[in-house]
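Trainee: Have a peek at work.txt (compact mmCIF, C-alpha atoms).
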# COMPACT_ATOMS: atom_id res chain seq x y z
CA MET A 17 -31.76 -55.79 -190.04
CA TRP A 18 -29.34 -54.22 -187.55
CA VAL A 19 -27.99 -50.75 -188.21
CA SER A 20 -25.32 -49.06 -186.13
CA VAL A 21 -26.22 -45.73 -184.56
CA SER A 22 -24.41 -43.51 -182.11
CA ILE A 23 -26.08 -42.71 -178.79
CA ASP A 24 -24.84 -41.45 -175.42
CA VAL A 25 -26.14 -44.19 -173.12
CA ARG A 26 -25.17 -42.17 -170.05
CA ASN A 27 -28.14 -39.91 -170.71
CA LEU A 28 -30.80 -42.63 -170.95
CA SER A 29 -32.87 -42.51 -167.78
CA SER A 30 -35.79 -44.84 -168.47
CA ASN A 31 -37.31 -47.10 -165.85
CA LEU A 32 -36.14 -49.80 -168.26
CA CYS A 33 -32.56 -48.59 -168.70
CA ARG A 34 -31.10 -51.29 -166.43
CA ALA A 35 -32.43 -53.88 -168.89
CA ILE A 36 -30.87 -52.54 -172.09
CA VAL A 37 -27.64 -54.22 -173.11
CA PRO A 38 -25.17 -51.49 -174.15
CA GLY A 39 -24.19 -51.81 -177.79
CA ILE A 40 -27.14 -54.11 -178.69
CA LEU A 41 -29.80 -51.68 -179.85
CA SER A 42 -33.26 -52.49 -181.13
CA ALA A 43 -34.16 -51.55 -184.68
CA GLY A 44 -36.61 -48.96 -183.34
CA LEU A 45 -33.76 -46.99 -181.79
CA LEU A 46 -32.30 -46.05 -185.15
CA ALA A 47 -35.47 -44.12 -185.92
CA SER A 48 -34.13 -41.25 -183.82
CA ALA A 49 -31.41 -40.77 -186.42
CA ALA A 50 -33.51 -41.29 -189.54
CA MET A 51 -37.03 -40.08 -188.79
CA ALA A 52 -38.16 -36.65 -189.91
CA GLN A 53 -39.07 -34.86 -186.70
CA GLU A 54 -42.19 -33.01 -187.78
CA ALA A 55 -42.88 -31.76 -184.25
CA ALA A 56 -39.57 -29.92 -184.36
CA ASP A 57 -40.57 -28.43 -187.73
CA PHE A 58 -43.50 -26.72 -185.99
CA ASP A 59 -41.28 -25.62 -183.07
CA VAL A 60 -42.77 -27.94 -180.46
CA GLN A 61 -40.68 -27.28 -177.36
CA PRO A 62 -40.13 -29.48 -174.25
CA TRP A 63 -43.12 -29.54 -171.94
CA THR A 64 -43.14 -26.67 -169.47
CA GLU A 65 -45.44 -28.11 -166.82
CA ALA A 66 -47.37 -31.14 -165.69
CA VAL A 67 -50.97 -30.64 -164.57
CA VAL A 68 -51.84 -32.54 -161.39
CA SER A 69 -55.27 -32.59 -159.72
CA VAL A 70 -55.31 -32.80 -155.91
CA ALA A 71 -57.94 -32.61 -153.18
CA GLU A 72 -55.65 -30.42 -151.03
CA PHE A 73 -52.35 -28.74 -151.90
CA GLU A 74 -50.30 -29.35 -148.75
CA PRO A 75 -50.08 -33.16 -148.75
CA ALA A 76 -48.85 -33.16 -152.37
CA THR A 77 -46.64 -30.06 -152.40
CA LYS A 78 -44.80 -30.50 -149.09
CA LEU A 79 -42.39 -33.10 -150.50
CA PHE A 80 -41.31 -30.70 -153.24
CA ARG A 81 -41.11 -27.76 -150.83
CA GLN A 82 -39.46 -29.41 -147.84
CA ALA A 83 -37.25 -32.01 -149.52
CA GLY A 84 -36.61 -30.36 -152.88
CA ASN A 85 -36.68 -26.64 -152.01
CA TRP A 86 -39.12 -26.06 -154.84
CA ARG A 87 -40.64 -22.61 -154.89
CA LEU A 88 -44.22 -21.45 -155.31
CA VAL A 89 -44.09 -19.19 -158.37
CA LEU A 90 -47.80 -18.57 -158.97
CA SER A 91 -51.15 -19.25 -157.33
CA GLY A 92 -54.71 -18.11 -157.83
CA GLU A 93 -58.08 -18.91 -159.32
CA VAL A 94 -58.40 -21.10 -162.38
CA ALA A 95 -60.01 -18.94 -165.05
CA ARG A 96 -63.49 -19.82 -166.25
CA SER A 97 -62.09 -20.05 -169.79
CA GLU A 98 -59.72 -22.84 -168.72
CA LEU A 99 -62.49 -24.74 -166.93
CA SER A 100 -64.68 -24.42 -170.04
CA TYR A 101 -61.77 -25.64 -172.19
CA TRP A 102 -61.84 -28.84 -170.13
CA GLN A 103 -65.63 -29.00 -170.63
CA LEU A 104 -66.34 -28.73 -166.91
CA PRO A 105 -69.81 -27.59 -165.77
CA GLU A 106 -70.59 -24.00 -164.87
CA GLN A 107 -70.64 -24.73 -161.14
CA ALA A 108 -67.06 -26.03 -161.24
CA THR A 109 -64.36 -23.78 -159.82
CA GLY A 110 -60.68 -24.26 -159.21
CA THR A 111 -57.60 -22.84 -157.54
CA PHE A 112 -54.02 -23.65 -158.45
CA GLU A 113 -50.44 -23.52 -157.22
CA ARG A 114 -47.56 -23.66 -159.70
CA TRP A 115 -44.33 -25.01 -158.22
CA CYS A 116 -40.90 -25.05 -159.89
CA ALA A 117 -37.54 -26.52 -158.95
CA PRO A 118 -34.75 -24.19 -157.81
CA LYS A 119 -33.07 -22.40 -160.73
CA SER A 120 -35.67 -23.77 -163.18
CA ASP A 121 -38.70 -22.18 -164.80
CA THR A 122 -39.72 -25.20 -166.85
CA GLY A 123 -40.55 -28.81 -166.00
CA CYS A 124 -42.80 -27.37 -163.29
CA ILE A 125 -45.99 -28.79 -161.74
CA ARG A 126 -49.33 -26.99 -161.73
CA PHE A 127 -51.36 -28.44 -158.85
CA ILE A 128 -55.08 -27.75 -159.24
CA ARG A 129 -57.81 -28.13 -156.62
CA PHE A 130 -61.20 -28.41 -158.28
CA ASP A 131 -64.41 -27.64 -156.37
CA GLY A 132 -68.12 -27.91 -157.13
CA VAL A 133 -67.73 -31.04 -159.24
CA GLU A 134 -67.48 -34.76 -158.53
CA GLN A 135 -64.02 -36.33 -158.58
CA GLN A 136 -62.44 -39.75 -158.34
CA PRO A 137 -58.83 -40.94 -158.52
CA ILE A 138 -57.56 -41.55 -162.05
CA ARG A 139 -55.56 -44.62 -160.98
CA PRO A 140 -57.18 -45.88 -157.73
CA ALA A 141 -55.19 -48.57 -155.90
CA ALA A 142 -53.22 -49.08 -159.11
CA ARG A 143 -50.18 -51.24 -159.67
CA ALA A 144 -47.45 -50.40 -162.14
CA TRP A 145 -48.80 -52.81 -164.75
CA ASP A 146 -52.23 -51.17 -164.79
CA THR A 147 -52.73 -49.07 -167.92
CA GLY A 148 -54.50 -45.76 -168.45
CA GLY A 149 -53.65 -42.49 -166.72
CA ILE A 150 -50.14 -41.02 -166.54
CA TYR A 151 -48.10 -43.25 -164.24
CA SER A 152 -45.34 -40.86 -163.15
CA ILE A 153 -43.46 -37.61 -163.50
CA MET A 154 -39.70 -38.19 -163.76
CA VAL A 155 -37.11 -36.03 -161.99
CA ARG A 156 -33.43 -36.28 -161.08
CA SER A 157 -31.85 -36.13 -157.63
CA ASP A 158 -28.39 -35.73 -156.12
CA ASN A 159 -29.22 -38.23 -153.35
CA VAL A 160 -31.94 -40.83 -153.91
CA PRO A 161 -31.52 -42.70 -150.57
CA GLU A 162 -31.83 -39.49 -148.56
CA LEU A 163 -34.84 -38.34 -150.60
CA TYR A 164 -36.47 -41.74 -150.09
CA ASN A 165 -36.09 -41.39 -146.30
CA GLN A 166 -37.44 -37.83 -146.37
CA ALA A 167 -40.42 -38.93 -148.48
CA LEU A 168 -41.37 -41.64 -145.99
CA GLU A 169 -41.14 -39.13 -143.14
CA LEU A 170 -43.48 -36.79 -145.04
CA GLY A 171 -46.13 -39.46 -145.59
CA TRP A 172 -45.21 -40.55 -149.10
CA TRP A 173 -44.59 -44.20 -149.96
CA ALA A 174 -42.68 -46.08 -152.68
CA GLU A 175 -43.10 -48.90 -155.18
CA SER A 176 -39.92 -50.42 -153.73
CA PRO A 177 -36.82 -49.29 -151.83
CA PRO A 178 -34.21 -47.56 -154.01
CA ILE A 179 -32.34 -49.78 -156.45
CA ARG A 180 -28.79 -49.27 -157.73
CA PHE A 181 -27.42 -50.53 -161.00
CA GLN A 182 -24.68 -50.03 -163.54
CA PHE A 183 -25.68 -48.95 -167.02
CA GLY A 184 -22.92 -48.50 -169.55
CA SER A 185 -20.46 -46.11 -167.90
CA SER A 186 -23.08 -44.78 -165.48
CA ASP A 187 -23.67 -45.72 -161.86
CA LEU A 188 -27.37 -45.08 -161.21
CA ARG A 189 -29.90 -45.10 -158.38
CA ASN A 190 -33.69 -45.02 -158.83
CA VAL A 191 -36.85 -45.01 -156.73
CA VAL A 192 -40.53 -44.47 -157.59
CA LEU A 193 -42.17 -42.42 -154.82
CA THR A 194 -45.94 -42.50 -154.36
CA GLY A 195 -47.93 -39.60 -152.92
CA PRO A 196 -51.59 -38.60 -152.52
CA HIS A 197 -54.06 -39.98 -155.08
CA GLY A 198 -51.44 -42.40 -156.42
CA ILE A 199 -49.25 -39.61 -157.82
CA ASN A 200 -45.90 -41.19 -158.68
CA LEU A 201 -42.58 -39.37 -158.79
CA ALA A 202 -39.86 -41.44 -160.50
CA VAL A 203 -36.48 -40.23 -159.24
CA TYR A 204 -33.08 -40.88 -160.85
CA GLU A 205 -29.63 -40.21 -159.45
CA ARG A 206 -26.58 -40.52 -161.67
CA VAL A 207 -23.88 -41.23 -159.11
CA THR A 208 -21.16 -41.15 -161.77
CA PRO A 209 -20.40 -39.48 -164.09
CA ASP A 210 -21.76 -36.09 -163.10
CA PHE A 211 -24.99 -34.94 -164.72
CA THR A 212 -24.67 -31.34 -165.90
CA ALA A 213 -27.44 -30.73 -168.45
CA PHE A 214 -29.65 -28.87 -165.92
CA PRO A 215 -29.56 -28.18 -162.15
CA VAL A 216 -30.34 -31.31 -160.12
CA GLY A 217 -30.50 -30.74 -156.35
CA ARG A 218 -32.60 -33.05 -154.19
CA ILE A 219 -35.56 -32.88 -156.64
CA SER A 220 -34.91 -31.44 -160.10
CA GLN A 221 -37.34 -30.11 -162.65
CA GLY A 222 -39.54 -32.69 -164.39
CA PHE A 223 -37.97 -34.04 -167.57
CA ASN A 224 -40.15 -37.02 -168.55
CA SER A 225 -43.56 -38.59 -167.93
CA MET A 226 -44.34 -42.30 -167.97
CA ARG A 227 -47.49 -43.85 -169.44
CA MET A 228 -48.19 -47.57 -168.92
CA VAL A 229 -49.68 -48.90 -172.16
CA ARG A 230 -51.37 -52.01 -173.53
CA ASP A 231 -49.28 -52.17 -176.70
CA ARG A 232 -45.91 -50.42 -176.82
CA PRO A 233 -45.53 -50.36 -180.63
CA VAL A 234 -49.02 -48.88 -181.05
CA ALA A 235 -48.38 -46.23 -178.38
CA ARG A 236 -44.90 -45.47 -179.75
CA ASP A 237 -46.21 -45.07 -183.28
CA PHE A 238 -48.87 -42.61 -182.11
CA TYR A 239 -46.19 -40.29 -180.75
CA THR A 240 -43.90 -40.71 -183.76
CA GLU A 241 -46.27 -41.05 -186.74
CA VAL A 242 -49.07 -38.78 -185.47
CA LEU A 243 -47.41 -36.27 -183.14
CA GLY A 244 -44.11 -36.32 -185.03
CA PHE A 245 -41.89 -36.96 -182.01
CA GLY A 246 -38.43 -38.48 -182.36
CA ILE A 247 -37.38 -41.71 -180.63
CA LEU A 248 -34.72 -41.42 -177.97
CA PHE A 249 -34.72 -45.19 -177.45
CA ASP A 250 -36.98 -48.21 -178.00
CA SER A 251 -36.10 -51.49 -176.34
CA THR A 252 -37.50 -54.89 -175.44
CA ALA A 253 -34.31 -56.19 -173.80
CA GLU A 254 -34.47 -57.84 -170.37
CA PRO A 255 -31.94 -59.08 -167.80
CA SER A 256 -31.63 -62.86 -167.78
CA GLU A 257 -31.14 -63.12 -164.00
CA PRO A 258 -33.47 -62.05 -161.15
CA ALA A 259 -33.03 -58.43 -160.08
CA PHE A 260 -34.80 -56.07 -157.74
CA SER A 261 -37.49 -54.09 -159.55
CA ASN A 262 -38.51 -50.45 -159.19
CA PHE A 263 -42.09 -51.51 -160.10
CA GLY A 264 -42.75 -53.89 -157.22
CA ILE A 265 -42.39 -57.00 -159.39
CA PRO A 266 -41.28 -59.96 -157.22
CA TYR A 267 -37.53 -60.57 -157.38
CA ASN A 268 -37.80 -64.13 -158.69
CA LEU A 269 -40.22 -63.14 -161.47
CA THR A 270 -38.28 -60.25 -162.99
CA PRO A 271 -36.75 -62.34 -165.82
CA GLU A 272 -40.23 -63.57 -166.77
CA ILE A 273 -42.26 -60.36 -166.54
CA LYS A 274 -41.30 -58.55 -169.74
CA ARG A 275 -40.95 -54.79 -169.71
CA ALA A 276 -40.54 -52.88 -172.95
CA ALA A 277 -40.29 -49.10 -173.25
CA ALA A 278 -39.84 -46.30 -175.73
CA ALA A 279 -38.84 -42.73 -174.83
CA LEU A 280 -39.91 -39.97 -177.19
CA GLN A 281 -39.53 -36.21 -177.43
CA PRO A 282 -40.38 -33.49 -179.94
CA ALA A 283 -36.77 -32.71 -180.85
CA LEU A 284 -33.56 -34.69 -180.52
CA PRO A 285 -31.12 -34.46 -178.87
CA GLY A 286 -32.20 -33.08 -175.51
CA GLU A 287 -32.58 -33.93 -171.84
CA THR A 288 -36.11 -32.60 -171.22
CA GLY A 289 -39.64 -32.72 -172.59
CA ARG A 290 -39.86 -36.49 -172.87
CA VAL A 291 -42.78 -38.90 -172.89
CA GLU A 292 -42.14 -42.56 -172.15
CA VAL A 293 -44.44 -45.48 -172.90
CA MET A 294 -43.97 -48.83 -171.18
CA GLN A 295 -45.68 -52.19 -171.61
CA ILE A 296 -45.43 -54.77 -168.84
CA THR A 297 -46.28 -58.24 -170.14
CA GLY A 298 -46.93 -61.21 -167.87
CA PHE A 299 -49.25 -59.58 -165.34
CA THR A 300 -52.85 -58.71 -166.29
CA GLY A 301 -53.78 -55.34 -164.83
CA ARG A 302 -56.73 -52.99 -164.87
CA ASP A 303 -57.42 -50.26 -167.42
CA HIS A 304 -57.98 -46.82 -165.83
CA SER A 305 -58.28 -44.83 -169.06
CA GLN A 306 -61.96 -43.93 -168.55
CA ARG A 307 -60.99 -41.76 -165.56
CA ALA A 308 -58.00 -40.03 -167.20
CA SER A 309 -59.67 -36.62 -167.50
CA PRO A 310 -60.02 -33.45 -165.44
CA PRO A 311 -61.21 -32.91 -162.75
CA ASN A 312 -60.24 -36.41 -161.56
CA LEU A 313 -57.40 -36.75 -159.06
CA GLY A 314 -53.88 -37.52 -160.23
CA ILE A 315 -51.56 -36.58 -163.11
CA ILE A 316 -53.77 -35.18 -165.87
CA SER A 317 -51.35 -34.07 -168.59
CA VAL A 318 -48.10 -32.40 -169.63
CA ARG A 319 -48.15 -29.16 -171.63
CA TYR A 320 -45.95 -28.46 -174.65
CA PRO A 321 -45.49 -24.90 -176.02
CA VAL A 322 -45.64 -24.74 -179.82
CA GLY A 323 -44.32 -21.97 -182.05
CA ASP A 324 -46.72 -22.78 -184.92
CA LEU A 325 -49.71 -24.15 -183.06
CA GLY A 326 -52.13 -23.77 -185.97
CA GLY A 327 -49.90 -25.63 -188.40
CA TYR A 328 -49.16 -28.36 -185.89
CA ARG A 329 -52.84 -28.85 -185.09
CA GLU A 330 -53.63 -29.09 -188.80
CA MET A 331 -50.97 -31.76 -189.27
CA ILE A 332 -52.36 -33.83 -186.40
CA ALA A 333 -55.96 -33.45 -187.56
CA ASP A 334 -54.99 -34.47 -191.10
CA ARG A 335 -53.69 -37.71 -189.62
CA GLY A 336 -57.15 -38.56 -188.35
CA VAL A 337 -56.77 -37.84 -184.64
CA GLN A 338 -59.77 -36.44 -182.81
CA ILE A 339 -59.02 -33.35 -180.74
CA ALA A 340 -60.14 -34.05 -177.16
CA TYR A 341 -60.21 -30.42 -175.96
CA GLU A 342 -59.67 -27.14 -177.80
CA THR A 343 -59.98 -23.44 -177.10
CA GLN A 344 -58.98 -20.02 -178.33
CA ASP A 345 -57.68 -17.27 -176.03
CA VAL A 346 -57.81 -19.31 -172.85
CA SER A 347 -56.42 -17.48 -169.82
CA ILE A 348 -53.85 -19.56 -167.92
CA LEU A 349 -51.85 -17.68 -165.31
CA GLY A 350 -48.18 -18.21 -166.04
CA LEU A 351 -48.83 -19.05 -169.68
CA GLY A 352 -50.86 -15.95 -170.54
CA SER A 353 -53.76 -15.73 -172.95
CA THR A 354 -53.13 -18.57 -175.36
CA ASN A 355 -54.70 -21.04 -177.74
CA ALA A 356 -54.62 -24.68 -176.69
CA PHE A 357 -55.68 -28.17 -177.66
CA ALA A 358 -55.30 -31.65 -176.22
CA VAL A 359 -55.16 -35.12 -177.73
CA ARG A 360 -55.46 -38.61 -176.28
CA ASP A 361 -53.01 -41.38 -177.02
CA PRO A 362 -54.28 -44.95 -177.71
CA ASP A 363 -54.44 -45.57 -173.93
CA GLY A 364 -56.54 -42.48 -173.24
CA ASN A 365 -53.76 -40.30 -171.80
CA LEU A 366 -53.90 -36.56 -172.42
CA THR A 367 -51.13 -34.43 -173.91
CA GLU A 368 -51.70 -30.67 -174.28
CA PHE A 369 -50.21 -28.15 -176.69
CA TYR A 370 -50.45 -24.37 -176.43
CA GLY A 371 -49.30 -21.23 -178.24
CA ASP A 372 -50.35 -18.65 -180.81
CA SER A 373 -52.11 -19.97 -183.89
CA ASP A 374 -50.28 -17.62 -186.28
With the file now loaded, output its structure as structure tokens.
Mentor:
Amino acid sequence: MWVSVSIDVRNLSSNLCRAIVPGILSAGLLASAAMAQEAADFDVQPWTEAVVSVAEFEPATKLFRQAGNWRLVLSGEVARSELSYWQLPEQATGTFERWCAPKSDTGCIRFIRFDGVEQQPIRPAARAWDTGGIYSIMVRSDNVPELYNQALELGWWAESPPIRFQFGSSDLRNVVLTGPHGINLAVYERVTPDFTAFPVGRISQGFNSMRMVRDRPVARDFYTEVLGFGILFDSTAEPSEPAFSNFGIPYNLTPEIKRAAAALQPALPGETGRVEVMQITGFTGRDHSQRASPPNLGIISVRYPVGDLGGYREMIADRGVQIAYETQDVSILGLGSTNAFAVRDPDGNLTEFYGDSD
């Protein structure tokens, strides 16, 4: 059954957006209009920061600092209470640097260097179609080709050179940059029309995070039916002709390798705080979910502030989800003394929530 819904396609920024045919919307898309957004009922706000584990700060942060003019807003020791929250041994220690885009105090990245504990990459030598572990943090840019050149000069790499495509009324550029430990930064430039929802610059604040999954409907339903997120879009559409891919898929195989994605967020509408799940069918990849935990190296989680944390946790627990990590009065510089818990999606990826329990 097809139902007409209204959506501003200029604002869709998925890795899959080039494949969606404007005006032909999957049935899952209409859920954004009809679904009760329980996360919004508990005042779940867009995620404020991504947590990224690195062996050293400089190789990871220099792209943001030198190319994006990001600023270091906080640094220091990771509190013992936060390390215990992650169930790390007593000998484990950590230091952190919290970086934010110019004119933004949300969508930041908290880089953590753990010491005194064994580590391994979450997604070692991974390809885009490998599942488990957060694949990328998504940002916007005012000049993707220039950022791509700067990234290569600074020792980063890319899944492919930048691609350009038309989507609805939007002229878009995209590149997926790869840094230390396989950390991916998916960058979008809306050439026209202008993007004005938040400051862009060379590297904007983070607004989305991509998780490669084994089964898109299962992953999507976890975020909607368990976490109570709304659906921004949900599509299985594909171009019928070969096209260059931002995932390193060979040009001649792009019509055959099926990519399907759903973008979700706690409250609609909005331009930030998104989670995106993508399934790539046609290539058999590895599953890295067993390593998707701190202190391993890579993107660990994104953190959502919640107005009614206690009520939201109760709702999730009532739906049968096991809480992966939980603490009361954990000290996190920049977030204060807060309560927090984390859950895993069906592919083992962590999402954290924090706030007062009252």
Trainee: Nearest to Glu113 in chain A among A:Arg81, A:Phe73, A:Trp86, A:Arg230, with distances taken over all atoms listed in the file: which residue is it?
Mentor: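 Closest residue, counting all atoms listed in the file: A:Phe73.
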Trainee: For the interface of range 151-201 of chain A with range 296-318 of chain A (cut-off 12 Å, counting only C-alpha atoms), please tabulate each contacting residue of range 151-201 of chain A alongside its nearest pair of atoms and their separation in Å to one decimal, rows sorted by chain and increasing number, as a Markdown table.
Mentor:
| residue | atom | partner | partner_atom | distance |
| --- | --- | --- | --- | --- |
| A:Tyr151 | CA | A:Ile315 | CA | 7.6 |
| A:Ser152 | CA | A:Ile315 | CA | 7.6 |
| A:Ile153 | CA | A:Ile315 | CA | 8.2 |
| A:Met154 | CA | A:Val318 | CA | 11.8 |
| A:Thr194 | CA | A:Gly314 | CA | 11.1 |
| A:Gly195 | CA | A:Gly314 | CA | 9.7 |
| A:Pro196 | CA | A:Gly314 | CA | 8.1 |
| A:His197 | CA | A:Gly314 | CA | 5.7 |
| A:Gly198 | CA | A:Gly314 | CA | 6.7 |
| A:Ile199 | CA | A:Gly314 | CA | 5.6 |
| A:Asn200 | CA | A:Ile315 | CA | 8.5 |
| A:Leu201 | CA | A:Ile315 | CA | 10.3 |
Trainee: Given the choices A:Ile265, A:Ala333, A:Val207, A:Val291, which gets closest to Asp187 in chain A if the distance is worked out from all atoms listed in the file?
Mentor: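 Of all the options, A:Val207 lies closest to Asp187 in chain A.
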Trainee: Quick check, in Å to one decimal: how far apart do CA of Ile125 in chain A and CA of Met226 in chain A lie?
Mentor: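 Those two atoms sit 15.0 Å apart.
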Trainee: Which one is closest to Asp231 in chain A: A:Gln182, A:Ser347, A:Thr367, A:Thr147? Count all atoms listed in the file.
Mentor: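 That would be A:Thr147, the residue with the smallest distance to Asp231 in chain A.
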Trainee: Residues around (-40.2, -54.4, -159.3), cut-off 10 Å, counting all atoms listed in the file - what are they as a compact mmCIF listing (two decimals) with C-alpha atoms, in the coordinates of the input?
Mentor:
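So selection.txt came out as:
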# COMPACT_ATOMS: atom_id res chain seq x y z
CA ALA A 144 -47.45 -50.40 -162.14
CA GLU A 175 -43.10 -48.90 -155.18
CA SER A 176 -39.92 -50.42 -153.73
CA PRO A 177 -36.82 -49.29 -151.83
CA ILE A 179 -32.34 -49.78 -156.45
CA ALA A 259 -33.03 -58.43 -160.08
CA PHE A 260 -34.80 -56.07 -157.74
CA SER A 261 -37.49 -54.09 -159.55
CA ASN A 262 -38.51 -50.45 -159.19
CA PHE A 263 -42.09 -51.51 -160.10
CA GLY A 264 -42.75 -53.89 -157.22
CA ILE A 265 -42.39 -57.00 -159.39
CA PRO A 266 -41.28 -59.96 -157.22
CA TYR A 267 -37.53 -60.57 -157.38
CA LEU A 269 -40.22 -63.14 -161.47
CA THR A 270 -38.28 -60.25 -162.99
CA ILE A 273 -42.26 -60.36 -166.54
Trainee: Taking all atoms listed in the file into account, name the residue in A:Ala356, A:Val133, A:Arg87, A:Lys274 that is nearest to Gln107 in chain A.
Mentor: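 Looking only at the distances to Gln107 in chain A, the closest residue turns out to be A:Val133.
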Trainee: Rounded to one decimal in Å, what is the spacing between CA of Pro215 in chain A and CA of Pro75 in chain A?
Mentor: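 Going from CA of Pro215 in chain A over to CA of Pro75 in chain A, I get 25.0 Å.
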Trainee: Go through A:Pro105, A:Gly244, A:Pro178, A:Gly350 and flag the residue nearest Asn159 in chain A, using all atoms listed in the file for the distances.
Mentor: A:Pro178
Trainee: Give me, please, the distance in Å between CA of Glu54 in chain A and CA of Ile332 in chain A, quoted to one decimal.
Mentor: 10.3 Å
Trainee: Could you give me, as a VMD selection string, the residues within 10 Å of Gly92 in chain A, counting only C-alpha atoms and dropping anything in the same chain fewer than 2 positions from it?
Mentor: chain A and resid 90 94 to 95 110 to 114 128 349
Trainee: Which one is closest to Ile150 in chain A: A:Ser185, A:Asn355, A:Ser225, A:Gln61? Count all atoms listed in the file.
Mentor: A:Ser225
Trainee: Would you give me, as a Markdown table, each residue of range 81-199 of chain A having an atom within 6 Å of an atom of range 62-71 of chain A, along with its shortest atom pair and that distance in Å to one decimal, using only C-alpha atoms and sorting by chain and residue number?
Mentor:
| residue | atom | partner | partner_atom | distance |
| --- | --- | --- | --- | --- |
| A:Thr122 | CA | A:Thr64 | CA | 4.6 |
| A:Gly123 | CA | A:Thr64 | CA | 4.8 |
| A:Cys124 | CA | A:Glu65 | CA | 4.5 |
| A:Ile125 | CA | A:Ala66 | CA | 4.8 |
| A:Arg126 | CA | A:Val67 | CA | 4.9 |
| A:Phe127 | CA | A:Val68 | CA | 4.8 |
| A:Ile128 | CA | A:Ser69 | CA | 4.9 |
| A:Arg129 | CA | A:Val70 | CA | 5.3 |
Trainee: Which residues are near Met331 in chain A? Cut-off 10 Å, only C-alpha atoms, ignore same chain within fewer than 3 positions. Put them as a PDB file with C-alpha atoms, in the coordinates of the input.
Mentor:
ATOM      1  CA  GLU A  54     -42.190 -33.010-187.780  1.00  0.00           C
ATOM      2  CA  ALA A  55     -42.880 -31.760-184.250  1.00  0.00           C
ATOM      3  CA  PHE A  58     -43.500 -26.720-185.990  1.00  0.00           C
ATOM      4  CA  VAL A 242     -49.070 -38.780-185.470  1.00  0.00           C
ATOM      5  CA  LEU A 243     -47.410 -36.270-183.140  1.00  0.00           C
ATOM      6  CA  GLY A 244     -44.110 -36.320-185.030  1.00  0.00           C
ATOM      7  CA  LEU A 325     -49.710 -24.150-183.060  1.00  0.00           C
ATOM      8  CA  GLY A 326     -52.130 -23.770-185.970  1.00  0.00           C
ATOM      9  CA  GLY A 327     -49.900 -25.630-188.400  1.00  0.00           C
ATOM     10  CA  TYR A 328     -49.160 -28.360-185.890  1.00  0.00           C
ATOM     11  CA  ASP A 334     -54.990 -34.470-191.100  1.00  0.00           C
ATOM     12  CA  ARG A 335     -53.690 -37.710-189.620  1.00  0.00           C
ATOM     13  CA  GLY A 336     -57.150 -38.560-188.350  1.00  0.00           C
ATOM     14  CA  VAL A 337     -56.770 -37.840-184.640  1.00  0.00           C
TER      15      VAL A 337
END
